[in-house]
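Heads up: the structure comes next, in structure tokens.
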2 protein chains.
Amino acid sequence: MDERAALSLLEGELEAAGDDAAVVDDLVITTDMLHERTDFPTGTTRYTAGWRAVGASLSDVAAMGADATAAVAAYAAPEFDRDELLAFVRGARDVCNRVDAAYVGGDLDGHSEFTVSTTAVGRSDDPVRRSGAEPGDLLCVTGTLGRSAAGLELFGRSAREDSASDDDSGVERANDLFRFEPRVAAGAALAPHATAMMDSSDGLARSLHQLAEASDCGFAVDSEAVPVAEALFELADGEGTDADPLERAIAFGEDFELVATLPESALETVRAAIDVDLSVIGSVTEPVEGITLDGEKLPDRGYTHGT
Amino acid sequence: MDERAALSLLEGELEAAGDDAAVVDDLVITTDMLHERTDFPTGTTRYTAGWRAVGASLSDVAAMGADATAAVAAYAAPEFDRDELLAFVRGARDVCNRVDAAYVGGDLDGHSEFTVSTTAVGRSDDPVRRSGAEPGDLLCVTGTLGRSAAGLELFGRSAREDSASDDDSGVERANDLFRFEPRVAAGAALAPHATAMMDSSDGLARSLHQLAEASDCGFAVDSEAVPVAEALFELADGEGTDADPLERAIAFGEDFELVATLPESALETVRAAIDVDLSVIGSVTEPVEGITLDGEKLPDRGYTHGT
């Protein structure tokens, strides 16, 4: 059984599953496991790993429209190097500080592969679900899409280059791109207005399919409105690559932006309350219209975590 | 750096570290990672693994005297087998049901080794710390010590026996011994009276050293009062073994009982409020007296997790 099939199985078993975070009373809680082989390309610093792993869980809290309260991490590695461990903790703490959450440590475990499991807890009296989008609502996304795709390509290029090279600017840039701002403040500002919300960690295309299934709706997306990360255009300009920036921005995922639907009447109120761009990339349609990009079917493709 | 040194390093970095769970506002939160090689001996069912992994985190919540609110788990394995996954979830849910916590699922991850990371969240307005024990207080422990040591030995014996044998009663018994009752109700009943508390997951001897360090006190333990699990005597009777049941009960750990100090005046009140035995195994002494068992120094020995 692959991961998606297994997740579907569990959604049938667990009432609370199916959103970015589970809701228990006024708490939202979410956990993620990341590991070296699939999630931290060669060149990823432990500072970036701490930031990114904890940030991924904070993004799930953000996607519920909740305030972020605290995060913990279990850190597993073949050996515990003082500098690596402290760098990880600094990254974890710094990303928590960005969203006013407490980073309160966690567990250590000897393990054959560097593996991190993070959990974040937040509070909300009225969390936003994936269900609830209504035909006519605007479809919005925060920030830009494609930073992680660009980071991954830069990590890959650096790994292929002569390792004796003193120029590690590519790796530095890749680490920068891999550290993201969890959209907790934007999520909280969207919460009173958004009819449905999730994060883009599985890619925009897959997120739309998941929202459509939960909300029983369709989406019409306008490709020109999709906010593609500048770094993807730079990479496409700099060296020959077949990958189209828009295609990558839509399919790749791991960007941890918010994908939300809301009534047009709320747009300016939300925009005035947040300090990140909120792009209107399309609208919610009737389910029979399906999910389209410039009128063409947008398939359910994207990044499957950890496989 | 070994795991204990790494933990000490982190305790210096993280204010909230140093107790069984971190405290953020009225929440307590704790995370643990367990994996096959070190934590789940051959013969451990996935039902037991789910119970035990989630139970370990619930035990940390209990050790703070908090109510258990919810638990999540990240489940990582080389492949996702439907029956194994469902058995794990049932174990996790059953142990949560025992303590009135919600099991709300978590994450799945492809990984070379079966690895589980669990997080539990609870609430307390006045959590019990490891610090606070006062000379003259009673030293108490819930339940019995040594169930996990006995379970581990039974798993080992079964693995060494002819695998063609149809008699799997040893493995069944070992699984039973590996599933424990998180002492959440007892912890909550102890909370208003206990001056210090933690769980016995690192073994009684190590727990006492940790409590002594946090509380700046000593302990005088009476070996005859230590509640040794019946299963350890049975194993010692049944086959020749050098291991002394008392020695194992004190040093082995992984039992998830509560070790608490409290004024003698509170003992009967607490006993009347809980449905598990609370043994008085000694008393809190001045720090200069150290930690003694029947008047002899009790060294800081025990089980180190995950190594």
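Convention: chains lettered A, B, ... in structure tokens order; per-chain residue numbering from 1; ligands numbered from 1 as shown.
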Please build the interface table for region 189-242 of chain B against region 268-291 of chain B with a cut-off of 7 Å, listing for each qualifying residue the nearest atom pair and the distance in Å to one decimal; count only C-alpha atoms, order rows by chain and increasing number, and write it as a tab-separated table.
residue	atom	partner	partner_atom	distance
B:Ala189	CA	B:Val270	CA	6.1
B:Leu190	CA	B:Val270	CA	6.1
B:Asp216	CA	B:Pro287	CA	5.8
B:Cys217	CA	B:Pro287	CA	3.9
B:Gly218	CA	B:Pro287	CA	4.3
B:Phe219	CA	B:Ile291	CA	4.6
B:Ala220	CA	B:Gly282	CA	5.4
B:Val221	CA	B:Gly282	CA	4.3
B:Asp222	CA	B:Gly282	CA	5.5
B:Ala225	CA	B:Ile281	CA	4.9
B:Val226	CA	B:Ile281	CA	5.5
B:Pro227	CA	B:Ser279	CA	6.9
Go ahead and write the residues just picked, all heavy atoms, as a CSV table (one decimal), in the first residue's frame.
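The result, stored in selection.csv:
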chain,number,residue,atom,x,y,z
B,189,ALA,N,-4.5,12.8,40.7
B,189,ALA,CA,-4.8,12.7,42.1
B,189,ALA,C,-3.6,13.1,43.0
B,189,ALA,O,-3.8,13.7,44.1
B,189,ALA,CB,-5.3,11.3,42.4
B,190,LEU,N,-2.5,12.8,42.5
B,190,LEU,CA,-1.3,13.1,43.3
B,190,LEU,C,-0.9,14.6,43.2
B,190,LEU,O,-0.4,15.2,44.1
B,190,LEU,CB,-0.1,12.3,42.7
B,190,LEU,CG,0.1,10.9,43.2
B,190,LEU,CD1,1.0,10.0,42.3
B,190,LEU,CD2,0.8,10.9,44.6
B,216,ASP,N,17.4,19.0,44.9
B,216,ASP,CA,18.5,19.1,45.8
B,216,ASP,C,18.2,18.4,47.1
B,216,ASP,O,18.1,19.0,48.2
B,216,ASP,CB,18.8,20.6,46.1
B,216,ASP,CG,20.1,20.8,46.9
B,216,ASP,OD1,21.0,19.9,46.9
B,216,ASP,OD2,20.3,21.8,47.6
B,217,CYS,N,18.1,17.1,47.0
B,217,CYS,CA,17.7,16.3,48.2
B,217,CYS,C,18.4,14.9,48.1
B,217,CYS,O,19.1,14.6,47.1
B,217,CYS,CB,16.2,16.1,48.3
B,217,CYS,SG,15.5,15.1,47.0
B,218,GLY,N,18.3,14.1,49.1
B,218,GLY,CA,18.7,12.7,49.0
B,218,GLY,C,17.4,11.8,49.2
B,218,GLY,O,16.3,12.3,49.4
B,219,PHE,N,17.7,10.5,49.0
B,219,PHE,CA,16.6,9.6,49.2
B,219,PHE,C,17.1,8.4,50.0
B,219,PHE,O,18.2,7.9,49.7
B,219,PHE,CB,16.0,9.1,47.9
B,219,PHE,CG,15.3,10.1,47.1
B,219,PHE,CD1,15.8,10.7,46.0
B,219,PHE,CD2,14.0,10.5,47.5
B,219,PHE,CE1,15.1,11.6,45.3
B,219,PHE,CE2,13.3,11.4,46.8
B,219,PHE,CZ,13.9,12.0,45.7
B,220,ALA,N,16.3,7.9,50.9
B,220,ALA,CA,16.6,6.6,51.6
B,220,ALA,C,15.5,5.6,51.2
B,220,ALA,O,14.3,5.8,51.5
B,220,ALA,CB,16.6,6.8,53.1
B,221,VAL,N,15.9,4.6,50.5
B,221,VAL,CA,15.0,3.6,50.0
B,221,VAL,C,15.1,2.3,50.7
B,221,VAL,O,16.2,1.9,51.1
B,221,VAL,CB,15.2,3.4,48.5
B,221,VAL,CG1,14.2,2.4,47.9
B,221,VAL,CG2,15.2,4.7,47.7
B,222,ASP,N,13.9,1.7,51.0
B,222,ASP,CA,13.9,0.4,51.7
B,222,ASP,C,13.5,-0.6,50.7
B,222,ASP,O,12.5,-0.7,50.1
B,222,ASP,CB,12.7,0.5,52.8
B,222,ASP,CG,12.5,-0.8,53.4
B,222,ASP,OD1,13.3,-1.8,53.3
B,222,ASP,OD2,11.4,-0.9,54.1
B,225,ALA,N,10.3,-2.6,50.5
B,225,ALA,CA,9.1,-1.9,50.2
B,225,ALA,C,8.9,-1.7,48.7
B,225,ALA,O,7.9,-1.3,48.2
B,225,ALA,CB,9.0,-0.5,50.9
B,226,VAL,N,10.0,-2.0,47.9
B,226,VAL,CA,9.9,-1.8,46.4
B,226,VAL,C,9.0,-2.8,45.8
B,226,VAL,O,9.1,-4.0,46.0
B,226,VAL,CB,11.3,-1.9,45.8
B,226,VAL,CG1,11.2,-1.8,44.3
B,226,VAL,CG2,12.2,-0.8,46.3
B,227,PRO,N,7.9,-2.4,45.1
B,227,PRO,CA,6.9,-3.3,44.6
B,227,PRO,C,7.5,-3.9,43.3
B,227,PRO,O,7.3,-3.4,42.2
B,227,PRO,CB,5.7,-2.4,44.3
B,227,PRO,CG,6.3,-1.0,44.0
B,227,PRO,CD,7.6,-0.9,44.8
Check region 14-61 of chain B with DSSP on the backbone and list each residue it calls strand (DSSP E), as a PDB file with C-alpha atoms, in the first residue's frame.
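Saved the output as out-v3.pdb:
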ATOM      1  CA  ALA B  22       7.364  21.013  28.689  1.00  0.00           C
ATOM      2  CA  VAL B  23       4.919  23.537  30.080  1.00  0.00           C
ATOM      3  CA  VAL B  24       3.507  26.337  27.916  1.00  0.00           C
ATOM      4  CA  LEU B  27      -0.508  23.091  28.316  1.00  0.00           C
ATOM      5  CA  VAL B  28       1.981  20.328  28.868  1.00  0.00           C
ATOM      6  CA  ILE B  29       3.526  18.796  25.780  1.00  0.00           C
ATOM      7  CA  THR B  30       5.936  15.930  25.295  1.00  0.00           C
ATOM      8  CA  THR B  31       7.345  13.956  22.382  1.00  0.00           C
ATOM      9  CA  ASP B  32       9.178  10.635  22.104  1.00  0.00           C
ATOM     10  CA  MET B  33      10.684   8.679  19.260  1.00  0.00           C
ATOM     11  CA  LEU B  34      10.911   4.890  19.404  1.00  0.00           C
ATOM     12  CA  HIS B  35      12.232   2.499  16.820  1.00  0.00           C
TER      13      HIS B  35
END
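Minimum atom-to-atom distance to chain B, evaluated using only C-alpha atoms, belongs to A:Ser112 out of A:Ser59, A:Ser112, A:Ser169, A:Thr44.
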Which polymer residues have any atom within 7 Å of an atom of region 120-134 of chain B, counting only C-alpha atoms, with same-chain residues fewer than 2 positions away left out, as number ranges by chain? B: 19, 26-31, 57-58, 61, 64-72, 118, 136-137, 191, 195-198, 211, 214-215, 261, 284
Shortest interatomic distance to Glu36 (chain A) - which of A:Leu154, A:Val171, A:Val116, A:Ala102, counting only C-alpha atoms: A:Val116
With a distance cut-off of 7 Å and only C-alpha atoms, select the neighbouring residues of Leu204 (chain A), excluding the residue or stretch itself and same-chain residues fewer than 2 positions from it, and output the selection as a VMD selection string. chain A and resid 200 202 206 to 208 250 to 251 253
What's around Ser201 (chain B) at 10 Å? Count only C-alpha atoms, leave out sequence neighbours fewer than 2 positions away in its own chain, and write the answer as a list of chain:residue names. B:Asp20, B:Ala56, B:Ser59, B:Asp60, B:Ser148, B:Met198, B:Asp199, B:Gly203, B:Leu204, B:Arg206, B:Ser207, B:Phe252, B:Gly253, B:Glu254, B:Asp255, B:Phe256, B:Glu257, B:Leu258, B:Val259, B:Gly302, B:Tyr303, B:Thr304, B:His305
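Note that the spacing between CA of Ala74 (chain B) and CA of Asp107 (chain B) amounts to 4.4 Å.
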From region 168-262 of chain B, collect each residue whose DSSP state is helix (DSSP H, G or I) and return the set as a PyMOL selection string. chain B and resi 169-178+184-190+204-215+223-225+230-238+245-251
Which residues, written as an MDAnalysis selection string, have at least one atom at most 12 Å from Arg173 (chain A), with only C-alpha atoms counted and residues fewer than 3 positions away on the same chain left out? chainID A and resid 43:45 48 147:148 150:155 157:158 167:170 176:179 231 235
May I have the selected residues written with N, CA, C and O atoms, as a short mmCIF file (atom, residue, chain, number, x, y, z; two decimals), in the first residue's frame?
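Produced file part14.cif, reproduced below:
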data_model
loop_
_atom_site.label_atom_id
_atom_site.label_comp_id
_atom_site.auth_asym_id
_atom_site.auth_seq_id
_atom_site.Cartn_x
_atom_site.Cartn_y
_atom_site.Cartn_z
N GLY A 43 23.67 19.24 1.56
CA GLY A 43 23.92 20.67 1.62
C GLY A 43 22.98 21.39 2.58
O GLY A 43 23.23 22.52 2.99
N THR A 44 21.89 20.71 2.95
CA THR A 44 20.95 21.30 3.91
C THR A 44 21.65 21.41 5.26
O THR A 44 22.09 20.40 5.81
N THR A 45 21.75 22.60 5.80
CA THR A 45 22.36 22.75 7.12
C THR A 45 21.39 22.26 8.19
O THR A 45 20.18 22.19 7.97
N THR A 48 18.89 24.96 8.87
CA THR A 48 17.77 24.93 7.93
C THR A 48 16.84 23.76 8.22
O THR A 48 15.61 23.90 8.17
N ARG A 147 9.58 28.22 -4.36
CA ARG A 147 10.85 28.42 -3.65
C ARG A 147 11.54 27.09 -3.36
O ARG A 147 12.76 26.96 -3.52
N SER A 148 10.77 26.11 -2.90
CA SER A 148 11.39 24.83 -2.56
C SER A 148 11.88 24.09 -3.79
O SER A 148 12.94 23.45 -3.77
N ALA A 150 13.00 25.50 -6.45
CA ALA A 150 14.25 26.18 -6.82
C ALA A 150 15.38 25.77 -5.87
O ALA A 150 16.51 25.52 -6.30
N GLY A 151 15.06 25.70 -4.58
CA GLY A 151 16.08 25.30 -3.60
C GLY A 151 16.59 23.90 -3.90
O GLY A 151 17.81 23.66 -3.89
N LEU A 152 15.68 22.99 -4.19
CA LEU A 152 16.08 21.61 -4.47
C LEU A 152 16.99 21.55 -5.70
O LEU A 152 18.00 20.85 -5.71
N GLU A 153 16.64 22.35 -6.73
CA GLU A 153 17.49 22.34 -7.92
C GLU A 153 18.87 22.89 -7.61
O GLU A 153 19.89 22.36 -8.07
N LEU A 154 18.92 23.93 -6.80
CA LEU A 154 20.23 24.50 -6.43
C LEU A 154 21.05 23.52 -5.61
O LEU A 154 22.27 23.42 -5.77
N PHE A 155 20.40 22.82 -4.68
CA PHE A 155 21.13 21.79 -3.91
C PHE A 155 21.70 20.75 -4.86
O PHE A 155 22.85 20.33 -4.74
N ARG A 157 22.41 21.04 -8.12
CA ARG A 157 23.52 21.58 -8.93
C ARG A 157 24.80 21.64 -8.12
O ARG A 157 25.88 21.30 -8.60
N SER A 158 24.67 22.08 -6.87
CA SER A 158 25.88 22.21 -6.03
C SER A 158 26.50 20.85 -5.77
O SER A 158 27.72 20.71 -5.74
N ASP A 167 33.22 28.02 -3.92
CA ASP A 167 32.01 28.81 -4.08
C ASP A 167 30.81 28.04 -3.54
O ASP A 167 30.29 27.14 -4.20
N ASP A 168 30.38 28.38 -2.34
CA ASP A 168 29.21 27.69 -1.80
C ASP A 168 27.99 28.61 -1.80
O ASP A 168 27.07 28.42 -1.03
N SER A 169 28.02 29.61 -2.70
CA SER A 169 26.88 30.54 -2.72
C SER A 169 25.60 29.83 -3.15
O SER A 169 24.52 30.18 -2.71
N GLY A 170 25.75 28.80 -4.01
CA GLY A 170 24.57 28.06 -4.43
C GLY A 170 23.91 27.34 -3.28
O GLY A 170 22.69 27.36 -3.11
N ASP A 176 18.63 29.25 2.00
CA ASP A 176 17.70 30.38 2.18
C ASP A 176 16.31 30.02 1.63
O ASP A 176 15.29 30.30 2.26
N LEU A 177 16.32 29.43 0.44
CA LEU A 177 15.04 29.10 -0.19
C LEU A 177 14.28 28.02 0.58
O LEU A 177 13.06 27.96 0.57
N PHE A 178 15.03 27.18 1.28
CA PHE A 178 14.40 26.09 2.04
C PHE A 178 13.83 26.55 3.38
O PHE A 178 13.10 25.81 4.03
N ARG A 179 14.22 27.73 3.80
CA ARG A 179 13.63 28.27 5.04
C ARG A 179 12.49 29.19 4.65
O ARG A 179 12.66 30.11 3.87
N ALA A 231 12.90 32.99 -8.05
CA ALA A 231 14.06 32.09 -8.14
C ALA A 231 13.90 31.05 -9.25
O ALA A 231 14.89 30.65 -9.86
N LEU A 235 16.60 30.52 -12.32
CA LEU A 235 17.21 29.23 -12.63
C LEU A 235 16.97 28.85 -14.09
O LEU A 235 17.86 28.30 -14.75
#
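The smallest atom-to-atom distance between Glu79 (chain B) and any of B:Phe114, B:Thr292, B:Tyr47, B:Gly55, using only C-alpha atoms, is found for B:Phe114.
Atom pair CA of Pro299 (chain B) / CA of Val228 (chain B) has a distance of 18.7 Å (rounded to one decimal).
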To one decimal in Å, tell me the separation between CA of Asp39 (chain A) and CA of Ala92 (chain B). 26.5 Å
Would you please work out which residue, of A:Ala62, A:Cys140, A:Met1, A:Ala185, is nearest to chain B when using only C-alpha atoms? A:Met1
I'd like to know which of B:Ala243, B:Ala188, B:Ala159, B:Ala101 is closest to chain A, using only C-alpha atoms. B:Ala101
